[in-house]
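The file work04.cif contains mmCIF, C-alpha atoms:
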```cif
data_work
loop_
_atom_site.label_atom_id
_atom_site.label_comp_id
_atom_site.auth_asym_id
_atom_site.auth_seq_id
_atom_site.Cartn_x
_atom_site.Cartn_y
_atom_site.Cartn_z
CA MET A 795 142.30 77.93 181.87
CA PRO A 796 141.17 74.85 183.78
CA LEU A 797 139.72 75.48 187.21
CA SER A 798 141.01 72.51 189.19
CA PHE A 799 138.92 73.31 192.27
CA LEU A 800 135.71 73.22 190.23
CA THR A 801 135.94 69.68 188.92
CA ALA A 802 136.65 66.46 190.69
CA ASP A 803 139.25 64.16 189.27
CA ARG A 804 137.98 62.04 186.42
CA ALA A 805 139.66 59.01 187.96
CA PHE A 806 136.79 58.60 190.42
CA ASP A 807 134.37 58.21 187.53
CA ALA A 808 136.58 55.88 185.51
CA ALA A 809 137.94 53.54 188.16
CA ASP A 810 135.36 51.29 189.76
CA ASP A 811 137.79 48.63 190.95
CA VAL A 812 140.20 50.96 192.76
CA ALA A 813 138.98 52.98 195.75
CA LEU A 814 141.83 55.51 195.68
CA PRO A 815 142.93 55.87 192.03
CA PHE A 816 145.58 58.59 192.35
CA ASP A 817 149.22 58.76 191.39
CA ASP A 818 149.96 62.02 193.21
CA ARG A 819 148.62 61.55 196.72
CA GLU A 820 150.20 64.76 198.04
CA ARG A 821 147.63 67.03 196.35
CA TRP A 822 144.40 67.92 198.09
CA ARG A 823 141.46 66.51 196.11
CA ARG A 824 137.71 66.76 196.34
CA PRO A 825 136.34 63.29 195.51
CA TYR A 826 133.14 64.65 193.96
CA ARG A 827 131.93 67.43 191.71
CA PRO A 828 130.23 70.51 193.14
CA GLY A 829 126.47 70.24 192.95
CA PRO A 830 124.15 72.29 190.77
CA TRP A 831 122.89 74.39 193.68
CA ARG A 832 126.42 75.45 194.62
CA VAL A 833 127.43 76.17 191.02
CA GLY A 834 124.19 78.08 190.37
CA ALA A 835 124.64 80.26 193.46
CA ALA A 836 128.24 81.01 192.47
CA ALA A 837 127.13 81.89 188.94
CA LEU A 838 124.52 84.32 190.31
CA LEU A 839 127.16 85.92 192.56
CA LEU A 840 129.51 86.34 189.60
CA LEU A 841 126.66 87.88 187.59
CA LEU A 842 126.04 90.31 190.44
CA ALA A 843 129.76 91.11 190.54
CA SER A 844 129.74 91.93 186.82
CA PHE A 845 126.92 94.43 187.36
CA VAL A 846 128.78 95.98 190.30
CA LEU A 847 131.93 96.25 188.15
CA LEU A 848 129.91 97.93 185.41
CA ALA A 849 128.49 100.31 188.02
CA GLY A 850 132.06 101.01 189.15
CA VAL A 851 133.13 101.92 185.61
CA VAL A 852 130.11 104.19 185.15
CA THR A 853 130.75 105.75 188.56
CA ALA A 854 134.42 106.31 187.69
CA LEU A 855 133.40 108.16 184.52
CA THR A 856 130.71 110.31 186.11
CA ALA A 857 131.45 110.69 189.82
CA THR A 858 134.32 110.61 192.25
CA VAL A 859 137.15 108.12 192.24
CA SER A 860 136.44 107.07 195.84
CA SER A 861 132.89 106.03 194.90
CA ALA A 862 134.21 103.98 192.00
CA GLY A 863 136.85 102.43 194.26
CA PHE A 864 134.14 101.39 196.67
CA CYS A 865 132.26 99.66 193.84
CA PHE A 866 135.41 97.83 192.76
CA VAL A 867 136.11 96.67 196.31
CA VAL A 868 132.53 95.39 196.68
CA ALA A 869 132.87 93.54 193.37
CA LEU A 870 136.14 91.93 194.49
CA VAL A 871 134.53 90.79 197.75
CA VAL A 872 131.61 89.25 195.84
CA ILE A 873 134.00 87.48 193.43
CA ALA A 874 136.07 86.15 196.35
CA GLY A 875 132.88 84.92 198.00
CA ALA A 876 131.77 83.13 194.83
CA LEU A 877 135.14 81.42 194.49
CA ARG A 878 135.11 80.39 198.14
CA LEU A 879 131.58 79.02 197.68
CA LEU A 880 132.86 76.83 194.85
CA ARG A 881 135.77 75.65 196.99
CA MET A 882 133.56 74.55 199.91
CA GLY A 883 133.35 70.85 200.69
CA VAL A 884 135.47 67.94 201.82
CA TRP A 885 139.01 67.56 200.50
CA VAL A 886 141.25 64.56 201.07
CA GLY A 887 144.99 64.21 200.78
CA ALA A 888 147.98 62.36 202.16
CA ARG A 889 148.16 64.66 205.20
CA GLY A 890 144.56 64.42 206.32
CA LEU A 891 140.94 65.36 205.76
CA ARG A 892 140.07 69.00 205.13
CA HIS A 893 136.57 70.41 205.65
CA VAL A 894 136.22 73.78 203.91
CA ASN A 895 133.36 76.04 204.97
CA LEU A 896 132.62 79.57 203.80
CA LEU A 897 134.72 81.25 206.51
CA VAL A 898 136.53 78.39 208.29
CA THR A 899 138.74 75.54 207.08
CA ARG A 900 139.40 72.63 209.44
CA THR A 901 142.14 70.11 208.68
CA THR A 902 142.22 66.86 210.64
CA PRO A 903 145.39 64.78 210.30
CA TRP A 904 144.80 61.11 209.55
CA ALA A 905 146.41 60.17 212.88
CA GLN A 906 143.49 61.86 214.69
CA VAL A 907 140.75 60.27 212.57
CA ALA A 908 139.08 57.40 214.42
CA GLY A 909 136.52 56.83 211.71
CA VAL A 910 134.27 58.28 209.05
CA GLN A 911 130.80 56.77 208.71
CA THR A 912 127.45 57.48 207.13
CA VAL A 913 124.59 57.87 209.60
CA GLN A 914 120.86 58.54 209.32
CA GLN A 915 120.01 61.77 211.19
CA PRO A 916 118.23 65.10 210.84
CA VAL A 917 120.25 67.31 208.48
CA ARG A 918 119.97 70.93 207.45
CA TRP A 919 118.34 71.59 204.11
CA LEU A 920 120.75 73.68 201.93
CA GLY A 921 122.42 74.93 205.12
CA LEU A 922 119.26 76.69 206.29
CA PRO A 923 117.84 76.27 209.82
CA ARG A 924 115.15 73.90 208.55
CA THR A 925 116.05 70.23 209.16
CA VAL A 926 114.87 67.15 207.31
CA GLN A 927 115.63 63.47 207.74
CA GLY A 928 118.61 62.44 205.65
CA GLN A 929 122.05 60.89 205.64
CA ALA A 930 125.21 62.54 206.85
CA LEU A 931 128.88 61.63 206.67
CA VAL A 932 130.32 62.27 210.12
CA LEU A 933 133.88 62.31 211.40
CA SER A 934 134.90 60.88 214.75
CA ARG A 935 138.28 61.86 216.22
CA ARG A 936 140.72 59.98 218.43
CA GLY A 937 141.90 61.23 221.79
CA ARG A 938 139.48 64.14 222.01
CA ALA A 939 136.49 64.70 224.19
CA GLN A 940 133.32 64.01 222.27
CA GLN A 941 132.74 67.45 220.83
CA GLU A 942 129.93 67.98 218.39
CA LEU A 943 131.42 68.29 214.90
CA PRO A 944 129.32 69.38 211.94
CA PRO A 945 128.70 66.67 209.34
CA LEU A 946 131.20 66.54 206.49
CA LEU A 947 128.58 65.85 203.81
CA THR A 948 124.80 65.51 203.84
CA THR A 949 122.23 64.35 201.32
CA HIS A 950 120.55 67.76 201.52
CA ASN A 951 123.46 70.19 201.16
CA ALA A 952 124.19 72.25 198.05
CA ASP A 953 126.29 69.49 196.49
CA PHE A 954 123.96 66.51 196.87
CA LEU A 955 120.37 67.78 197.04
CA GLY A 956 118.46 65.42 194.74
CA ARG A 957 121.61 63.42 193.95
CA VAL A 958 121.63 60.51 196.40
CA GLU A 959 123.83 58.34 194.16
CA ALA A 960 126.47 61.08 194.02
CA PHE A 961 126.35 61.34 197.83
CA ASP A 962 126.87 57.57 198.15
CA ARG A 963 129.88 57.65 195.79
CA ALA A 964 131.44 60.64 197.57
CA ALA A 965 130.84 59.15 201.03
CA ASP A 966 132.36 55.84 199.93
CA ALA A 967 135.41 57.63 198.54
CA VAL A 968 135.99 59.66 201.72
CA GLU A 969 135.46 56.55 203.86
CA ALA A 970 138.01 54.67 201.72
CA TRP A 971 140.56 57.46 202.15
CA ALA A 972 139.96 57.47 205.91
CA GLU A 973 140.19 53.68 206.19
CA GLU A 974 143.43 53.47 204.25
CA ASN A 975 145.20 56.48 205.78
CA SER A 976 144.10 56.32 209.43
CA LYS A 977 145.81 52.93 209.77
CA LEU A 978 149.21 54.43 209.00
#
```
Go ahead and render the structure in this file as structure tokens.
Amino acid sequence: MPLSFLTADRAFDAADDVALPFDDRERWRRPYRPGPWRVGAAALLLLLASFVLLAGVVTALTATVSSAGFCFVVALVVIAGALRLLRMGVWVGARGLRHVNLLVTRTTPWAQVAGVQTVQQPVRWLGLPRTVQGQALVLSRRGRAQQELPPLLTTHNADFLGRVEAFDRAADAVEAWAEENSKL
């Protein structure tokens, strides 16, 4: 069973001459692959969930059903968290730009996008409070007061830590989507 949210479209790797190489522009797409840190953390969460499920089976055989039910609910929450972790990132589509975080998803229609640009600024290292100097892809909106929006992508997040070339390709792809669609 292919997991479409886990892999980016192969068209971004194959097409160097076309910025937006898609036939079906209505689907939401992530223009990059999830990074090794994100995939590794999700794999560890799924491993933890398998142990909790095993504990739930053992608990169901030896103890009360409510204790086993609690273990199964905890395992389902951990699995849902791992899947949401894999889904995090920037998604682009015909309707706008979607920024998926662990708990919040923000969708900005292309009509509200004034620009998307790469800037040099202090960025959080793997989402932790520690900041380092790096690059960030930031979104600026039209018609809104200048509110501080979190960066869409950074060179030090779980997708691009140690992969500067992948960050450049992903930032270029998102900028191309924004440039083409915000004119409409």
query = For this file, the PyMOL selection byres ((chain A and resi 921-934) around 10) selects which residues, as an MDAnalysis selection string?
reply = chainID A and resid 891 902 906:920 935:938 940:952 958 961:962 964:966 968:969 972
File of the preceding selection, C-alpha atoms, as a PDB file, keeping the file's coordinate frame:
```
ATOM      1  CA  LEU A 891     140.940  65.360 205.760  1.00  0.00           C
ATOM      2  CA  THR A 902     142.220  66.860 210.640  1.00  0.00           C
ATOM      3  CA  GLN A 906     143.490  61.860 214.690  1.00  0.00           C
ATOM      4  CA  VAL A 907     140.750  60.270 212.570  1.00  0.00           C
ATOM      5  CA  ALA A 908     139.080  57.400 214.420  1.00  0.00           C
ATOM      6  CA  GLY A 909     136.520  56.830 211.710  1.00  0.00           C
ATOM      7  CA  VAL A 910     134.270  58.280 209.050  1.00  0.00           C
ATOM      8  CA  GLN A 911     130.800  56.770 208.710  1.00  0.00           C
ATOM      9  CA  THR A 912     127.450  57.480 207.130  1.00  0.00           C
ATOM     10  CA  VAL A 913     124.590  57.870 209.600  1.00  0.00           C
ATOM     11  CA  GLN A 914     120.860  58.540 209.320  1.00  0.00           C
ATOM     12  CA  GLN A 915     120.010  61.770 211.190  1.00  0.00           C
ATOM     13  CA  PRO A 916     118.230  65.100 210.840  1.00  0.00           C
ATOM     14  CA  VAL A 917     120.250  67.310 208.480  1.00  0.00           C
ATOM     15  CA  ARG A 918     119.970  70.930 207.450  1.00  0.00           C
ATOM     16  CA  TRP A 919     118.340  71.590 204.110  1.00  0.00           C
ATOM     17  CA  LEU A 920     120.750  73.680 201.930  1.00  0.00           C
ATOM     18  CA  ARG A 935     138.280  61.860 216.220  1.00  0.00           C
ATOM     19  CA  ARG A 936     140.720  59.980 218.430  1.00  0.00           C
ATOM     20  CA  GLY A 937     141.900  61.230 221.790  1.00  0.00           C
ATOM     21  CA  ARG A 938     139.480  64.140 222.010  1.00  0.00           C
ATOM     22  CA  GLN A 940     133.320  64.010 222.270  1.00  0.00           C
ATOM     23  CA  GLN A 941     132.740  67.450 220.830  1.00  0.00           C
ATOM     24  CA  GLU A 942     129.930  67.980 218.390  1.00  0.00           C
ATOM     25  CA  LEU A 943     131.420  68.290 214.900  1.00  0.00           C
ATOM     26  CA  PRO A 944     129.320  69.380 211.940  1.00  0.00           C
ATOM     27  CA  PRO A 945     128.700  66.670 209.340  1.00  0.00           C
ATOM     28  CA  LEU A 946     131.200  66.540 206.490  1.00  0.00           C
ATOM     29  CA  LEU A 947     128.580  65.850 203.810  1.00  0.00           C
ATOM     30  CA  THR A 948     124.800  65.510 203.840  1.00  0.00           C
ATOM     31  CA  THR A 949     122.230  64.350 201.320  1.00  0.00           C
ATOM     32  CA  HIS A 950     120.550  67.760 201.520  1.00  0.00           C
ATOM     33  CA  ASN A 951     123.460  70.190 201.160  1.00  0.00           C
ATOM     34  CA  ALA A 952     124.190  72.250 198.050  1.00  0.00           C
ATOM     35  CA  VAL A 958     121.630  60.510 196.400  1.00  0.00           C
ATOM     36  CA  PHE A 961     126.350  61.340 197.830  1.00  0.00           C
ATOM     37  CA  ASP A 962     126.870  57.570 198.150  1.00  0.00           C
ATOM     38  CA  ALA A 964     131.440  60.640 197.570  1.00  0.00           C
ATOM     39  CA  ALA A 965     130.840  59.150 201.030  1.00  0.00           C
ATOM     40  CA  ASP A 966     132.360  55.840 199.930  1.00  0.00           C
ATOM     41  CA  VAL A 968     135.990  59.660 201.720  1.00  0.00           C
ATOM     42  CA  GLU A 969     135.460  56.550 203.860  1.00  0.00           C
ATOM     43  CA  ALA A 972     139.960  57.470 205.910  1.00  0.00           C
TER      44      ALA A 972
END
```
Enclose range 908-915 of chain A, meaning all of its atoms listed in the file, in a box aligned along x, y and z, pad it by 5 Å on each side, and list the centre and edge lengths in Å to one decimal, as JSON.
```
{"center_x": 129.5, "center_y": 59.3, "center_z": 210.8, "size_x": 29.1, "size_y": 15.0, "size_z": 17.3}
```
Using only C-alpha atoms, the best pick from A:Ala905, A:Leu880, A:Ala888, A:Ala967 as closest to Ala835 in chain A would be A:Leu880
Check your understanding: Interatomic distance between CA of Arg878 in chain A and CA of Asp953 in chain A?
Key ->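 Separation of CA of Arg878 in chain A and CA of Asp953 in chain A: 14.1 Å.
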Which is closer to Glu974 in chain A than all the others in A:Ala862, A:Val886, A:Leu839, A:Val852, using only C-alpha atoms?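 Comparing A:Ala862, A:Val886, A:Leu839, A:Val852 against Glu974 in chain A, the winner is A:Val886.
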So how far away is CA of Ile873 in chain A from CA of Leu848 in chain A, in Å?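 CA of Ile873 in chain A lies at a distance of 13.8 Å from CA of Leu848 in chain A.
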Separation of CA of Leu870 in chain A from CA of Phe845 in chain A in Å
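Result for CA of Phe845 in chain A versus CA of Leu870 in chain A: 11.9 Å, one decimal.
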Across A:Ala854, A:Val833, A:Trp822, A:Phe954, the smallest distance to Gly890 in chain A, with all atoms listed in the file counted, is shown by A:Trp822
If I put a ball of radius 10 Å at (132.6, 93.6, 191.9) in the file's coordinates, which residues poke into it when counting only C-alpha atoms, written as a PDB file with C-alpha atoms, in the frame of the given file?
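Writing the result to out_39.pdb gives the following:
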```
ATOM      1  CA  LEU A 839     127.160  85.920 192.560  1.00  0.00           C
ATOM      2  CA  LEU A 840     129.510  86.340 189.600  1.00  0.00           C
ATOM      3  CA  LEU A 841     126.660  87.880 187.590  1.00  0.00           C
ATOM      4  CA  LEU A 842     126.040  90.310 190.440  1.00  0.00           C
ATOM      5  CA  ALA A 843     129.760  91.110 190.540  1.00  0.00           C
ATOM      6  CA  SER A 844     129.740  91.930 186.820  1.00  0.00           C
ATOM      7  CA  PHE A 845     126.920  94.430 187.360  1.00  0.00           C
ATOM      8  CA  VAL A 846     128.780  95.980 190.300  1.00  0.00           C
ATOM      9  CA  LEU A 847     131.930  96.250 188.150  1.00  0.00           C
ATOM     10  CA  LEU A 848     129.910  97.930 185.410  1.00  0.00           C
ATOM     11  CA  ALA A 849     128.490 100.310 188.020  1.00  0.00           C
ATOM     12  CA  GLY A 850     132.060 101.010 189.150  1.00  0.00           C
ATOM     13  CA  PHE A 864     134.140 101.390 196.670  1.00  0.00           C
ATOM     14  CA  CYS A 865     132.260  99.660 193.840  1.00  0.00           C
ATOM     15  CA  PHE A 866     135.410  97.830 192.760  1.00  0.00           C
ATOM     16  CA  VAL A 867     136.110  96.670 196.310  1.00  0.00           C
ATOM     17  CA  VAL A 868     132.530  95.390 196.680  1.00  0.00           C
ATOM     18  CA  ALA A 869     132.870  93.540 193.370  1.00  0.00           C
ATOM     19  CA  LEU A 870     136.140  91.930 194.490  1.00  0.00           C
ATOM     20  CA  VAL A 871     134.530  90.790 197.750  1.00  0.00           C
ATOM     21  CA  VAL A 872     131.610  89.250 195.840  1.00  0.00           C
ATOM     22  CA  ILE A 873     134.000  87.480 193.430  1.00  0.00           C
ATOM     23  CA  ALA A 874     136.070  86.150 196.350  1.00  0.00           C
TER      24      ALA A 874
END
```
Write out as a list in words which residues come within 10 Å of Leu897 in chain A when counting all atoms listed in the file, dropping same-chain ones fewer than 4 positions away. Gly875, Arg878, Leu879 and Met882 of chain A
Could you tell me which residues the PyMOL selection byres ((chain A and resi 820) around 6) returns for this structure, as an NGL selection string? :A and (818-819 or 821 or 887-888)
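Proximity of A:Arg823, A:Arg957, A:Arg963, A:Lys977 to Val894 in chain A, computed with only C-alpha atoms, is greatest for A:Arg823.
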With distances taken over only C-alpha atoms, the candidate from A:Asn895, A:Thr901, A:Thr858, A:Ser976 nearest Leu877 in chain A is A:Asn895
